[in-house]
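Here the structure comes first, spelled out in structure tokens, and everything after it is commentary.
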Amino acid sequence: MKMKRPIIVLDFGSQYAQLIVRRLREARIYAEMYPWNASPQTLLTRRPWGFILSGGPASVYANQAPQIAPALLESGLPILGICYGMQALTHALGGRVAPAKAREYGLARLHAEIASPLLPAGDMQVWMSHGDRVEALPPGFVPLGRTENSPFAVMGDVQRRYYGVQFHPEVRHTPRGGELLRRFAVEVCGAPADWTPDAIIESAVQQIRAQVGKAPVLAAVSGGVDSTVAAALVHRAVGDQLTSVFVDTGLLRAGEPQQVETTFRQHLGARLVVVSAAERFFAALRGLTDPEEKRRRIGELFIRLFEEQAHQLGDPPFLVQGTIYPDVVESAAPDRKQAQKIKTHHNVGGLPDDMRFSLVEPLRYLFKDEVRAVGEALGLPAEMIWRQPFPGPGLAVRCLGEVTPERVARLRAADDIFIGALQAAGLLGKGGAVAQAYAALLPVRSVGVMGDQRTYQEPCVLRAVQTEDFMTADWARLPADLLAEVANRIVNQVEGINRVVYDITSKPPATIEWE
């Protein structure tokens, strides 16, 4: 969603690059992220307020190390370099960077002797992660802060509005880092702090109208927050030009098809077509175990179904999808050439090449919490906005191994027990401690004993995470008594499961979903 004049974050390969964008948006400042080698013409066409250069794993003196495009330095716009970005700025402007005698990883104490546009004078905690450091400042720069191992931990050229920090202000371990980023954006760059849900809606509506004109539009809705908010935005923009299609894949959670149809008709007010296609999806998935192939097959069948519906509805040329920013990043879409593909999202990398729709993706550059804020501003009910995140391929990517109707039914029953227990404990929904939770079924068997008889059945994995943006996540420390109750109920009530385990892995190194 490229709308307003942004602060542009250039990604030099840092695992924290997206967090810079998030921190700015939390401060109501619009930001966009591009790879470090994006065309300067493309970047300057966006009329940015300024640039932030992210960290990265390279050394500036290494062969083929990422560099700052001269056109950006010649633009006269403010620049803030973070970690590697600071070193790249130093290198480009005639300073010197060298390996540090003592590397800094983790917490450090920063001392700023004088106040600057970025920082007040005094001490603050910062998060360091570097092996190189600035040894000599470029001409025009002055030192603004130091740590025990970095004499130039903060530097600045106030006249040219160039700044560099050796630490990472975007991470939570730098408590005042968000304020530093806000001060750079607002006080140095002059960017307005007006990135609000109402502003997002207004801009999205204008962009949707400009894209589709008077043409009919088809929306793919799953009942999840992303597709629902996307459809609501398009309905706000074009009204009766929109027809929404809900596909019952047979891969949804307990009671979900009925719930989605009821709430969608009551609250969104748009035309809704319901397609029952469970048999077709199970047929398409028969014999498959590779998660990427599952996603590809599901993505292709989704599109084919929508094409069939489109033909019956007069062939609308546009298809609405609830793609959000984490989908784009994890699928390594062209928007982020630096990233390695983690998995193909059915609505990003799993689309067939011969698809005849033009996509309308009003949420493509929004994080999950921004999507929910927009949904609330649109007046959607809380049960829709705070519904548990659910992948487009549904239970197919939580049913590891071959996807069959019997295994999906088994998984659905276990998931319903787990989610019901979390809801009863007040751990889900707005303000709840758990951001996402689900059960997964593993394609292995283990020995158990029930009623003095040997069993040889499948294990169920419970997964619950805490996260703000779904880019990173930590496993939820659920009460042991709750886990014991859930495990007992699943083993006793769900035929075919004789063992329950709890996933205590964060993201990274794991992803939130198992496939």
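FYI, nothing fancy with the structure tokens labels: chains A, B, ... in order, residues from 1 per chain, ligands from 1 as they appear.
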
Any idea what's packed within 9 Å of Ser14 in chain A, counting only C-alpha atoms, ignoring anything in its chain fewer than 2 positions away? Could you give it as a CSV table (one decimal) with all heavy atoms, in the first residue's frame?
chain,number,residue,atom,x,y,z
A,11,ASP,N,16.9,-1.8,3.3
A,11,ASP,CA,17.3,-3.0,4.0
A,11,ASP,C,18.6,-3.5,3.5
A,11,ASP,O,18.8,-3.9,2.3
A,11,ASP,CB,16.2,-4.0,3.7
A,11,ASP,CG,16.5,-5.4,4.3
A,11,ASP,OD1,17.4,-5.5,5.2
A,11,ASP,OD2,15.9,-6.4,3.9
A,12,PHE,N,19.6,-3.5,4.3
A,12,PHE,CA,20.9,-4.0,4.0
A,12,PHE,C,21.1,-5.4,4.5
A,12,PHE,O,22.3,-5.9,4.6
A,12,PHE,CB,22.0,-3.1,4.6
A,12,PHE,CG,22.2,-1.8,3.9
A,12,PHE,CD1,21.4,-0.7,4.1
A,12,PHE,CD2,23.2,-1.7,2.9
A,12,PHE,CE1,21.5,0.5,3.3
A,12,PHE,CE2,23.4,-0.5,2.2
A,12,PHE,CZ,22.6,0.6,2.4
A,16,TYR,N,16.4,-7.2,11.6
A,16,TYR,CA,15.5,-6.2,12.3
A,16,TYR,C,14.9,-5.2,11.4
A,16,TYR,O,14.3,-4.2,11.8
A,16,TYR,CB,16.3,-5.5,13.4
A,16,TYR,CG,17.0,-6.4,14.4
A,16,TYR,CD1,18.3,-6.3,14.7
A,16,TYR,CD2,16.2,-7.4,15.0
A,16,TYR,CE1,18.9,-7.1,15.7
A,16,TYR,CE2,16.8,-8.3,16.0
A,16,TYR,CZ,18.2,-8.1,16.3
A,16,TYR,OH,18.8,-8.9,17.2
A,17,ALA,N,15.2,-5.3,10.0
A,17,ALA,CA,14.8,-4.2,9.1
A,17,ALA,C,13.3,-3.8,9.2
A,17,ALA,O,12.9,-2.7,9.3
A,17,ALA,CB,15.2,-4.5,7.7
A,18,GLN,N,12.5,-4.9,9.3
A,18,GLN,CA,11.0,-4.6,9.3
A,18,GLN,C,10.6,-3.9,10.6
A,18,GLN,O,9.7,-3.2,10.7
A,18,GLN,CB,10.2,-5.9,9.2
A,18,GLN,CG,10.5,-6.7,8.0
A,18,GLN,CD,11.6,-7.7,8.2
A,18,GLN,OE1,12.3,-7.7,9.2
A,18,GLN,NE2,11.8,-8.6,7.2
A,54,SER,N,19.4,0.3,7.2
A,54,SER,CA,19.3,-0.7,8.3
A,54,SER,C,20.7,-1.3,8.6
A,54,SER,O,21.7,-1.0,7.9
A,54,SER,CB,18.4,-1.8,7.8
A,54,SER,OG,19.1,-2.7,7.0
A,55,GLY,N,20.8,-2.1,9.6
A,55,GLY,CA,22.0,-2.9,9.8
A,55,GLY,C,22.1,-4.0,8.8
A,55,GLY,O,21.3,-4.1,7.8
A,56,GLY,N,23.1,-4.9,8.9
A,56,GLY,CA,23.3,-5.9,8.0
A,56,GLY,C,24.5,-6.8,8.4
A,56,GLY,O,25.3,-6.3,9.2
A,57,PRO,N,24.7,-8.0,7.8
A,57,PRO,CA,25.8,-8.9,8.2
A,57,PRO,C,27.1,-8.6,7.6
A,57,PRO,O,28.1,-9.2,8.0
A,57,PRO,CB,25.2,-10.2,7.8
A,57,PRO,CG,24.4,-9.9,6.6
A,57,PRO,CD,23.8,-8.6,6.8
A,84,TYR,N,25.3,-1.4,10.5
A,84,TYR,CA,26.0,-1.4,9.2
A,84,TYR,C,25.7,-0.2,8.4
A,84,TYR,O,26.5,0.4,7.7
A,84,TYR,CB,25.6,-2.6,8.4
A,84,TYR,CG,26.3,-2.7,7.1
A,84,TYR,CD1,27.5,-3.2,6.9
A,84,TYR,CD2,25.6,-2.2,5.9
A,84,TYR,CE1,28.2,-3.2,5.7
A,84,TYR,CE2,26.3,-2.2,4.7
A,84,TYR,CZ,27.5,-2.7,4.6
A,84,TYR,OH,28.2,-2.7,3.4

With 7 Å as the cut-off and only C-alpha atoms counted, what is the closest atom pair between each nearby residue of range 99-202 of chain A and range 374-389 of chain A? Distances in Å to one decimal, ordered by chain and number, as CSV.
residue,atom,partner,partner_atom,distance
A:Pro197,CA,A:Val374,CA,5.0
A:Asp198,CA,A:Ala377,CA,6.7
A:Ile201,CA,A:Val374,CA,6.9

Could you save the residues just selected, with C-alpha atoms, as a PDB file, in the first residue's frame?
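Generated file (out23.pdb):
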ATOM      1  CA  PRO A 197      -6.386   4.018  10.935  1.00  0.00           C
ATOM      2  CA  ASP A 198      -8.629   6.741   9.500  1.00  0.00           C
ATOM      3  CA  ILE A 201      -8.771   3.916   5.241  1.00  0.00           C
TER       4      ILE A 201
END

List every residue of range 197-305 of chain A that has an atom at most 6 Å from any atom of range 391-403 of chain A, and for each one report the closest atom pair and its distance in Å to one decimal, counting only C-alpha atoms, with rows sorted by chain and then by increasing residue number, as CSV.
residue,atom,partner,partner_atom,distance
A:Leu251,CA,A:Leu395,CA,5.0
A:Leu252,CA,A:Gly394,CA,5.7
A:Gly287,CA,A:Glu402,CA,5.8
A:Leu288,CA,A:Glu402,CA,5.4
A:Thr289,CA,A:Gly401,CA,4.4

Create the file for the chosen residues now, containing N, CA, C and O atoms and written as a CSV table (one decimal), in the first residue's frame.
chain,number,residue,atom,x,y,z
A,251,LEU,N,-11.5,-27.6,5.0
A,251,LEU,CA,-10.2,-27.5,5.7
A,251,LEU,C,-10.3,-26.4,6.8
A,251,LEU,O,-9.3,-25.9,7.3
A,252,LEU,N,-11.6,-26.1,7.2
A,252,LEU,CA,-11.8,-25.0,8.1
A,252,LEU,C,-12.0,-25.6,9.5
A,252,LEU,O,-12.1,-26.8,9.7
A,287,GLY,N,-2.5,-37.7,-1.6
A,287,GLY,CA,-1.1,-38.2,-1.8
A,287,GLY,C,0.0,-37.3,-1.5
A,287,GLY,O,1.2,-37.6,-1.5
A,288,LEU,N,-0.3,-36.0,-1.3
A,288,LEU,CA,0.7,-35.0,-1.1
A,288,LEU,C,1.2,-34.9,0.3
A,288,LEU,O,0.4,-35.0,1.3
A,289,THR,N,2.5,-34.7,0.5
A,289,THR,CA,3.1,-34.5,1.8
A,289,THR,C,3.9,-33.3,1.9
A,289,THR,O,4.2,-32.8,3.0

Contact residues around Val171 in chain A with only C-alpha atoms at 8 Å, ignoring same-chain residues under 6 positions, as a PDB file with C-alpha atoms, in the first residue's frame:
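Output contents, as saved in part-v5.pdb:
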ATOM      1  CA  TYR A  16      15.516  -6.229  12.282  1.00  0.00           C
ATOM      2  CA  LEU A  19      11.103  -3.526  12.978  1.00  0.00           C
ATOM      3  CA  TRP A 127      21.378  -3.097  22.148  1.00  0.00           C
ATOM      4  CA  GLY A 177      15.026   3.623  20.662  1.00  0.00           C
TER       5      GLY A 177
END

### All residues 10 Å or closer to Ala185 in chain A, only C-alpha atoms, same chain fewer than 6 positions away omitted, as a ChimeraX atom specification
/A:6-7,24,27,29-31,49-52,78-80,118,179,191-193

Could the residues in this selection be written to a file with N, CA and C atoms, as a short mmCIF file (atom, residue, chain, number, x, y, z; two decimals), in the first residue's frame?
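Saved file part33.cif follows:
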data_model
loop_
_atom_site.label_atom_id
_atom_site.label_comp_id
_atom_site.auth_asym_id
_atom_site.auth_seq_id
_atom_site.Cartn_x
_atom_site.Cartn_y
_atom_site.Cartn_z
N PRO A 6 6.75 8.75 2.31
CA PRO A 6 7.24 7.93 3.41
C PRO A 6 8.61 8.37 3.93
N ILE A 7 8.95 7.85 5.09
CA ILE A 7 10.35 7.65 5.44
C ILE A 7 10.74 6.32 4.79
N LEU A 24 8.36 3.12 13.49
CA LEU A 24 7.92 4.39 12.93
C LEU A 24 6.40 4.44 12.83
N ALA A 27 4.67 5.14 15.91
CA ALA A 27 4.71 6.57 16.22
C ALA A 27 3.86 7.37 15.24
N ILE A 29 4.01 7.44 11.98
CA ILE A 29 4.80 7.98 10.86
C ILE A 29 4.84 6.92 9.77
N TYR A 30 4.44 7.29 8.56
CA TYR A 30 4.39 6.30 7.49
C TYR A 30 5.79 6.01 6.98
N ALA A 31 6.08 4.70 6.84
CA ALA A 31 7.40 4.26 6.37
C ALA A 31 7.22 3.10 5.41
N TRP A 49 10.63 11.68 2.90
CA TRP A 49 11.07 12.70 3.85
C TRP A 49 12.55 12.50 4.22
N GLY A 50 12.99 11.26 4.16
CA GLY A 50 14.37 10.95 4.50
C GLY A 50 14.59 9.46 4.39
N PHE A 51 15.82 9.03 4.65
CA PHE A 51 16.20 7.62 4.53
C PHE A 51 16.76 7.10 5.85
N ILE A 52 16.44 5.85 6.15
CA ILE A 52 17.08 5.14 7.24
C ILE A 52 17.76 3.91 6.65
N PRO A 78 17.66 13.96 4.58
CA PRO A 78 18.27 13.44 5.81
C PRO A 78 18.51 11.94 5.72
N ILE A 79 19.55 11.48 6.39
CA ILE A 79 19.89 10.05 6.41
C ILE A 79 20.27 9.66 7.82
N LEU A 80 19.73 8.53 8.26
CA LEU A 80 20.12 7.92 9.53
C LEU A 80 20.64 6.53 9.24
N LEU A 118 18.74 13.86 17.98
CA LEU A 118 18.34 12.47 18.18
C LEU A 118 18.18 12.10 19.64
N GLU A 179 11.77 6.42 20.51
CA GLU A 179 11.78 7.88 20.57
C GLU A 179 12.87 8.45 19.68
N ALA A 191 8.72 14.84 8.87
CA ALA A 191 7.60 13.97 8.49
C ALA A 191 6.43 14.17 9.45
N PRO A 192 5.20 14.15 8.94
CA PRO A 192 4.04 14.30 9.83
C PRO A 192 3.72 12.99 10.55
N ALA A 193 3.26 13.08 11.77
CA ALA A 193 2.85 11.91 12.54
C ALA A 193 1.34 11.74 12.39
#

### Task
Might you pull out every residue within 9 Å of range 489-502 of chain A, with only C-alpha atoms counted and same-chain residues fewer than 2 positions away left off, and present them as a count of residues only?
31

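You will find CA of Ile208 in chain A at 24.2 Å from CA of Val274 in chain A.
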
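For the set A:Arg5, A:Ala219, A:Ala237, A:Arg364, the residue with the smallest atom-to-atom gap to Val205 in chain A is A:Ala237, counting only C-alpha atoms.
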
### Task
May I have the residues within 12 Å of His311 in chain A as a PyMOL selection string, using only C-alpha atoms and disregarding those fewer than 5 positions away in the same chain?
chain A and resi 218+304-306+316-317+356-357

#### Entry: Surrounding residues of His111 in chain A excluding itself and chain neighbours under 3 positions, 8 Å, only C-alpha atoms, as a ChimeraX atom specification
/A:121-124,145-147

Residues as selected, N, CA, C and O atoms, written as a PDB file, in the first residue's frame, can you do that?
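Wrote it out as part_7.pdb, contents follow:
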ATOM      1  N   ALA A 121      21.070  14.608  26.414  1.00  0.00           N
ATOM      2  CA  ALA A 121      22.318  14.282  27.107  1.00  0.00           C
ATOM      3  C   ALA A 121      22.027  13.282  28.225  1.00  0.00           C
ATOM      4  O   ALA A 121      20.940  13.268  28.806  1.00  0.00           O
ATOM      5  N   GLY A 122      23.015  12.433  28.503  1.00  0.00           N
ATOM      6  CA  GLY A 122      22.867  11.480  29.591  1.00  0.00           C
ATOM      7  C   GLY A 122      23.145  10.056  29.145  1.00  0.00           C
ATOM      8  O   GLY A 122      23.670   9.818  28.061  1.00  0.00           O
ATOM      9  N   ASP A 123      22.788   9.102  30.000  1.00  0.00           N
ATOM     10  CA  ASP A 123      23.034   7.693  29.739  1.00  0.00           C
ATOM     11  C   ASP A 123      21.748   6.974  29.350  1.00  0.00           C
ATOM     12  O   ASP A 123      20.650   7.350  29.794  1.00  0.00           O
ATOM     13  N   MET A 124      21.900   5.945  28.550  1.00  0.00           N
ATOM     14  CA  MET A 124      20.762   5.110  28.188  1.00  0.00           C
ATOM     15  C   MET A 124      21.242   3.712  27.824  1.00  0.00           C
ATOM     16  O   MET A 124      22.385   3.505  27.439  1.00  0.00           O
ATOM     17  N   GLY A 145      27.810  10.353  20.995  1.00  0.00           N
ATOM     18  CA  GLY A 145      27.584   9.351  22.025  1.00  0.00           C
ATOM     19  C   GLY A 145      28.633   8.262  21.924  1.00  0.00           C
ATOM     20  O   GLY A 145      29.172   7.995  20.851  1.00  0.00           O
ATOM     21  N   ARG A 146      28.909   7.615  23.058  1.00  0.00           N
ATOM     22  CA  ARG A 146      29.928   6.569  23.070  1.00  0.00           C
ATOM     23  C   ARG A 146      29.527   5.467  24.042  1.00  0.00           C
ATOM     24  O   ARG A 146      28.722   5.674  24.959  1.00  0.00           O
ATOM     25  N   THR A 147      30.093   4.284  23.813  1.00  0.00           N
ATOM     26  CA  THR A 147      29.987   3.182  24.758  1.00  0.00           C
ATOM     27  C   THR A 147      31.407   2.775  25.139  1.00  0.00           C
ATOM     28  O   THR A 147      32.380   3.326  24.620  1.00  0.00           O
TER      29      THR A 147
END

### Query
How would you write, as an MDAnalysis selection string, the set of residues in range 46-211 of chain A that DSSP gives as helix (DSSP H, G or I)?
chainID A and resid 70:73 84:92 177:188 197:211

File dump, residues just selected, C-alpha atoms, as a short mmCIF file (atom, residue, chain, number, x, y, z; two decimals), in the first residue's frame:
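Contents of part_10.cif, freshly written:
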data_model
loop_
_atom_site.label_atom_id
_atom_site.label_comp_id
_atom_site.auth_asym_id
_atom_site.auth_seq_id
_atom_site.Cartn_x
_atom_site.Cartn_y
_atom_site.Cartn_z
CA PRO A 70 25.55 8.28 -4.64
CA ALA A 71 22.22 9.69 -5.84
CA LEU A 72 20.81 9.36 -2.32
CA LEU A 73 23.72 11.32 -0.86
CA TYR A 84 25.99 -1.41 9.22
CA GLY A 85 24.06 1.56 7.82
CA MET A 86 26.19 3.88 9.97
CA GLN A 87 29.35 2.17 8.77
CA ALA A 88 28.25 2.36 5.13
CA LEU A 89 27.53 6.07 5.57
CA THR A 90 30.94 6.58 7.17
CA HIS A 91 32.70 4.66 4.39
CA ALA A 92 30.86 6.58 1.65
CA GLY A 177 15.03 3.62 20.66
CA GLY A 178 11.51 4.29 19.41
CA GLU A 179 11.78 7.88 20.57
CA LEU A 180 15.10 8.24 18.72
CA LEU A 181 13.48 7.04 15.48
CA ARG A 182 10.51 9.35 16.02
CA ARG A 183 12.78 12.35 16.61
CA PHE A 184 14.73 11.63 13.45
CA ALA A 185 11.54 11.30 11.38
CA VAL A 186 9.65 14.26 12.82
CA GLU A 187 12.27 16.73 14.06
CA VAL A 188 15.04 16.07 11.54
CA PRO A 197 -6.39 4.02 10.93
CA ASP A 198 -8.63 6.74 9.50
CA ALA A 199 -5.80 7.95 7.28
CA ILE A 200 -5.10 4.39 6.12
CA ILE A 201 -8.77 3.92 5.24
CA GLU A 202 -8.98 7.20 3.35
CA SER A 203 -5.86 6.49 1.33
CA ALA A 204 -6.83 2.87 0.64
CA VAL A 205 -10.28 3.88 -0.56
CA GLN A 206 -8.79 6.43 -2.95
CA GLN A 207 -6.30 3.90 -4.29
CA ILE A 208 -8.93 1.18 -4.75
CA ARG A 209 -11.21 3.55 -6.67
CA ALA A 210 -8.33 4.66 -8.87
CA GLN A 211 -7.38 1.03 -9.59
#

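Closest approach to Leu233 in chain A among A:Ala115, A:Val320, A:Leu93, A:Leu137 is made by A:Val320 (distances from only C-alpha atoms).
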
### Residue nearest Val225 in chain A among A:Ser39, A:Thr323, A:Asn63, A:Gln15 (counting only C-alpha atoms)
A:Thr323
